[in-house]
Amino acid sequence: MAGGGATEGGCSSAEAAVACEALRLLRIEPSAVGPAVEREGGAAQCSRNVLRKRRRWERVLAAKRWKRRQEREKSRARRAEGPGAASRDGGRASAALAKERLLEAKAAGPRLCVDLGMADCMTRKETSRLASQIRRLYGANRRAEKPFWLCLTEFVVGSLIYEECFRMNDGFSNYLMDTTEESYLDLFPLDAIVYLTPDSENVLEDIDPNKVYVLGGLVDESIHKKLTLQRAREQSLQTARLPIREYMVKTVNTKNYHSETLAINQVFDVLSTYYETRSWPAALKAGVSSGKGYALPDAVK
């Protein structure tokens with residue numbers, strides 16, 4: 001029957017129609033109202049998170065800006081000081097300490113003279129080599145913990161060795177040592193002078209701060225034997241040689257070459273090392289090269 005039959009929406013009466021409408025409304029309410037409420041709550045929560053992140057990021061940016069500002073200030077300070085300011089400060093301190101040590105040696109010894117009275121015996125090439133040796137000797141003495149006070153005697157203005165020292169050695173005029181045209185004989189008592197020569201019969205056993213040790217300023221490629229010994233004897237001076245043969249042994253080499261004659265800077269290396277260590281083996285190892293045909297016994301084994 002048409003009056004009692006089911007409607008198209010599935011309701012058979014007015015009550016059913018009302019129920020259906022209610023259900024429809026109920027179905028609409030959660031979808032229309034509930035999600036909107038959730039969105040409002042979620043938006044509020046999202047806003048708080050965004051604010052927290054923003055504040056944290058602002059703090060990070062502020063810290064970075066502060067760090068960059070500090071780095072710029074440091075950079076400006078370094079530029080104001082100039083390049084190498086720290087190294088220059090260290091260099092000045094080292095130079096001041098070296099100067100202090102050298103002046104102590106000048107006051108209390110020991111003293112080391114380079115005898116340039118034989119300069120006329122050398123060629124220009126030999127003279128140039130001697131000027132280089134003087135530079136190395138001075139540099140080693142300046143670095144030494146216990147330096148000697150150095151003196152170049154018979155250093156005649158206008159002589160070849162004079163010209164070569166100034167030509168080859170930068171800052172030579174500022175070297176902290178004595179230079180004089182006089183002889184060591186006019187500067188020191190004869191009994192205080194010890195002339196070091198490899199041809200001496202006397203062995204140098206120790207370094208006495210009250211003595212003046214003299215090295216022959218001679219680079220002799222033609223080998224004038226015993227020239228320094230002869231010079232010392234003529235001047236009635238005490239002589240001594242380094243204890244090479246007492247502490248070292250001859251080594252086997254193709255030329256069967258063995259020499260106790262050292263350059264003045266090598267002799268100084270031996271003297272300086274011994275004065276600091278009081279060990280002749282250590283001192284000879286520092287100054288006697290293997291090319292001389294000698295070595296310490298332990299090295300040969």
# chains A, B, ... in the order shown; residues from 1 in each chain; ligands from 1

$ residues_around --residues "Ala119 in chain A" --least-positions-apart "3" --cutoff "9 Å" --atoms "only C-alpha atoms" --output "count of residues only"
11

$ select_by_dssp --residues "range 127-196 of chain A" --states "alpha helix (DSSP H)" --output "MDAnalysis selection string"
chainID A and resid 127:143 160:168 184:187

$ atom_distance --atom1 "CA of Lys125 in chain A" --atom2 "CA of Asp220 in chain A"
10.1 Å

$ closest_residue --among "A:Leu284, A:Arg68, A:Ala263, A:Leu176" --to "Glu126 in chain A" --atoms "only C-alpha atoms"
A:Ala263

$ select_by_dssp --residues "range 80-274 of chain A" --states "strand (DSSP E)" --output "JSON, numbers by chain"
{"A": [111, 112, 113, 114, 115, 149, 150, 151, 152, 153, 178, 179, 193, 194, 195, 196, 212, 213, 214, 215, 216, 238, 239, 240, 249, 250]}

$ write_last_selection --atoms "N, CA and C atoms" --output "PDB file, in the first residue's frame"
ATOM      1  N   ARG A 111     136.888  33.782  27.567  1.00  0.00           N
ATOM      2  CA  ARG A 111     137.061  34.597  26.376  1.00  0.00           C
ATOM      3  C   ARG A 111     137.668  33.759  25.248  1.00  0.00           C
ATOM      4  N   LEU A 112     137.231  34.088  24.055  1.00  0.00           N
ATOM      5  CA  LEU A 112     137.745  33.396  22.878  1.00  0.00           C
ATOM      6  C   LEU A 112     138.133  34.437  21.839  1.00  0.00           C
ATOM      7  N   CYS A 113     139.390  34.406  21.422  1.00  0.00           N
ATOM      8  CA  CYS A 113     139.896  35.339  20.413  1.00  0.00           C
ATOM      9  C   CYS A 113     140.124  34.606  19.099  1.00  0.00           C
ATOM     10  N   VAL A 114     139.783  35.271  18.010  1.00  0.00           N
ATOM     11  CA  VAL A 114     140.149  34.781  16.683  1.00  0.00           C
ATOM     12  C   VAL A 114     141.302  35.656  16.198  1.00  0.00           C
ATOM     13  N   ASP A 115     142.447  35.028  16.046  1.00  0.00           N
ATOM     14  CA  ASP A 115     143.673  35.725  15.641  1.00  0.00           C
ATOM     15  C   ASP A 115     143.660  35.909  14.129  1.00  0.00           C
ATOM     16  N   TRP A 149     132.904  35.154  25.513  1.00  0.00           N
ATOM     17  CA  TRP A 149     132.976  36.511  24.979  1.00  0.00           C
ATOM     18  C   TRP A 149     133.980  36.492  23.837  1.00  0.00           C
ATOM     19  N   LEU A 150     133.550  36.928  22.666  1.00  0.00           N
ATOM     20  CA  LEU A 150     134.367  36.827  21.464  1.00  0.00           C
ATOM     21  C   LEU A 150     135.117  38.121  21.173  1.00  0.00           C
ATOM     22  N   CYS A 151     136.274  37.938  20.552  1.00  0.00           N
ATOM     23  CA  CYS A 151     137.083  39.095  20.163  1.00  0.00           C
ATOM     24  C   CYS A 151     137.839  38.760  18.879  1.00  0.00           C
ATOM     25  N   LEU A 152     137.725  39.631  17.893  1.00  0.00           N
ATOM     26  CA  LEU A 152     138.524  39.507  16.678  1.00  0.00           C
ATOM     27  C   LEU A 152     139.712  40.442  16.825  1.00  0.00           C
ATOM     28  N   THR A 153     140.908  39.875  16.884  1.00  0.00           N
ATOM     29  CA  THR A 153     142.109  40.696  17.053  1.00  0.00           C
ATOM     30  C   THR A 153     142.836  40.856  15.723  1.00  0.00           C
ATOM     31  N   ASP A 178     133.902  42.025  20.602  1.00  0.00           N
ATOM     32  CA  ASP A 178     134.936  43.041  20.438  1.00  0.00           C
ATOM     33  C   ASP A 178     135.666  42.828  19.117  1.00  0.00           C
ATOM     34  N   THR A 179     135.979  43.923  18.458  1.00  0.00           N
ATOM     35  CA  THR A 179     136.854  43.880  17.290  1.00  0.00           C
ATOM     36  C   THR A 179     137.923  44.956  17.486  1.00  0.00           C
ATOM     37  N   ILE A 193     146.894  33.420  28.279  1.00  0.00           N
ATOM     38  CA  ILE A 193     146.573  33.063  26.892  1.00  0.00           C
ATOM     39  C   ILE A 193     146.902  31.596  26.627  1.00  0.00           C
ATOM     40  N   VAL A 194     145.953  30.887  26.003  1.00  0.00           N
ATOM     41  CA  VAL A 194     146.172  29.511  25.552  1.00  0.00           C
ATOM     42  C   VAL A 194     145.860  29.477  24.058  1.00  0.00           C
ATOM     43  N   TYR A 195     146.880  29.227  23.259  1.00  0.00           N
ATOM     44  CA  TYR A 195     146.686  29.181  21.806  1.00  0.00           C
ATOM     45  C   TYR A 195     146.314  27.741  21.425  1.00  0.00           C
ATOM     46  N   LEU A 196     145.134  27.578  20.825  1.00  0.00           N
ATOM     47  CA  LEU A 196     144.671  26.243  20.447  1.00  0.00           C
ATOM     48  C   LEU A 196     145.139  25.916  19.029  1.00  0.00           C
ATOM     49  N   VAL A 212     142.204  32.955  28.340  1.00  0.00           N
ATOM     50  CA  VAL A 212     141.802  33.501  27.046  1.00  0.00           C
ATOM     51  C   VAL A 212     142.251  32.503  25.988  1.00  0.00           C
ATOM     52  N   TYR A 213     141.302  31.920  25.288  1.00  0.00           N
ATOM     53  CA  TYR A 213     141.616  30.902  24.289  1.00  0.00           C
ATOM     54  C   TYR A 213     141.673  31.558  22.904  1.00  0.00           C
ATOM     55  N   VAL A 214     142.735  31.250  22.177  1.00  0.00           N
ATOM     56  CA  VAL A 214     142.973  31.889  20.880  1.00  0.00           C
ATOM     57  C   VAL A 214     142.895  30.837  19.779  1.00  0.00           C
ATOM     58  N   LEU A 215     142.117  31.163  18.743  1.00  0.00           N
ATOM     59  CA  LEU A 215     142.030  30.314  17.559  1.00  0.00           C
ATOM     60  C   LEU A 215     142.714  31.030  16.401  1.00  0.00           C
ATOM     61  N   GLY A 216     143.496  30.303  15.657  1.00  0.00           N
ATOM     62  CA  GLY A 216     144.147  30.885  14.489  1.00  0.00           C
ATOM     63  C   GLY A 216     143.130  31.117  13.381  1.00  0.00           C
ATOM     64  N   GLN A 238     151.434  29.517  25.834  1.00  0.00           N
ATOM     65  CA  GLN A 238     151.004  28.156  26.132  1.00  0.00           C
ATOM     66  C   GLN A 238     150.098  27.677  25.001  1.00  0.00           C
ATOM     67  N   THR A 239     150.249  26.406  24.622  1.00  0.00           N
ATOM     68  CA  THR A 239     149.418  25.858  23.540  1.00  0.00           C
ATOM     69  C   THR A 239     148.664  24.628  24.038  1.00  0.00           C
ATOM     70  N   ALA A 240     147.637  24.263  23.311  1.00  0.00           N
ATOM     71  CA  ALA A 240     146.863  23.064  23.638  1.00  0.00           C
ATOM     72  C   ALA A 240     146.110  22.623  22.389  1.00  0.00           C
ATOM     73  N   VAL A 249     138.570   7.384  17.683  1.00  0.00           N
ATOM     74  CA  VAL A 249     139.426   6.425  16.982  1.00  0.00           C
ATOM     75  C   VAL A 249     139.357   6.707  15.487  1.00  0.00           C
ATOM     76  N   LYS A 250     140.408   6.307  14.797  1.00  0.00           N
ATOM     77  CA  LYS A 250     140.435   6.481  13.352  1.00  0.00           C
ATOM     78  C   LYS A 250     139.461   5.503  12.690  1.00  0.00           C
TER      79      LYS A 250
END

$ atom_distance --atom1 "CA of Asp120 in chain A" --atom2 "CA of Tyr175 in chain A"
23.7 Å

$ residues_around --residues "Val157 in chain A" --least-positions-apart "6" --cutoff "10 Å" --atoms "only C-alpha atoms" --output "ChimeraX atom specification"
/A:163,180-181

$ closest_residue --among "A:Asn202, A:Ser47, A:Ser272, A:Ser183" --to "Leu137 in chain A" --atoms "only C-alpha atoms"
A:Ser272

$ closest_residue --among "A:Pro198, A:Pro147, A:Gly158, A:Gly171" --to "Tyr274 in chain A" --atoms "only C-alpha atoms"
A:Pro147

$ closest_residue --among "A:Ala232, A:Leu271, A:Ile134, A:Ile244" --to "Pro297 in chain A" --atoms "only C-alpha atoms"
A:Ile244

$ closest_residue --among "A:Ala107, A:Cys165, A:Leu97, A:Leu102" --to "Ser128 in chain A" --atoms "only C-alpha atoms"
A:Cys165

$ atom_distance --atom1 "CA of Asn265 in chain A" --atom2 "CA of Glu201 in chain A"
22.0 Å
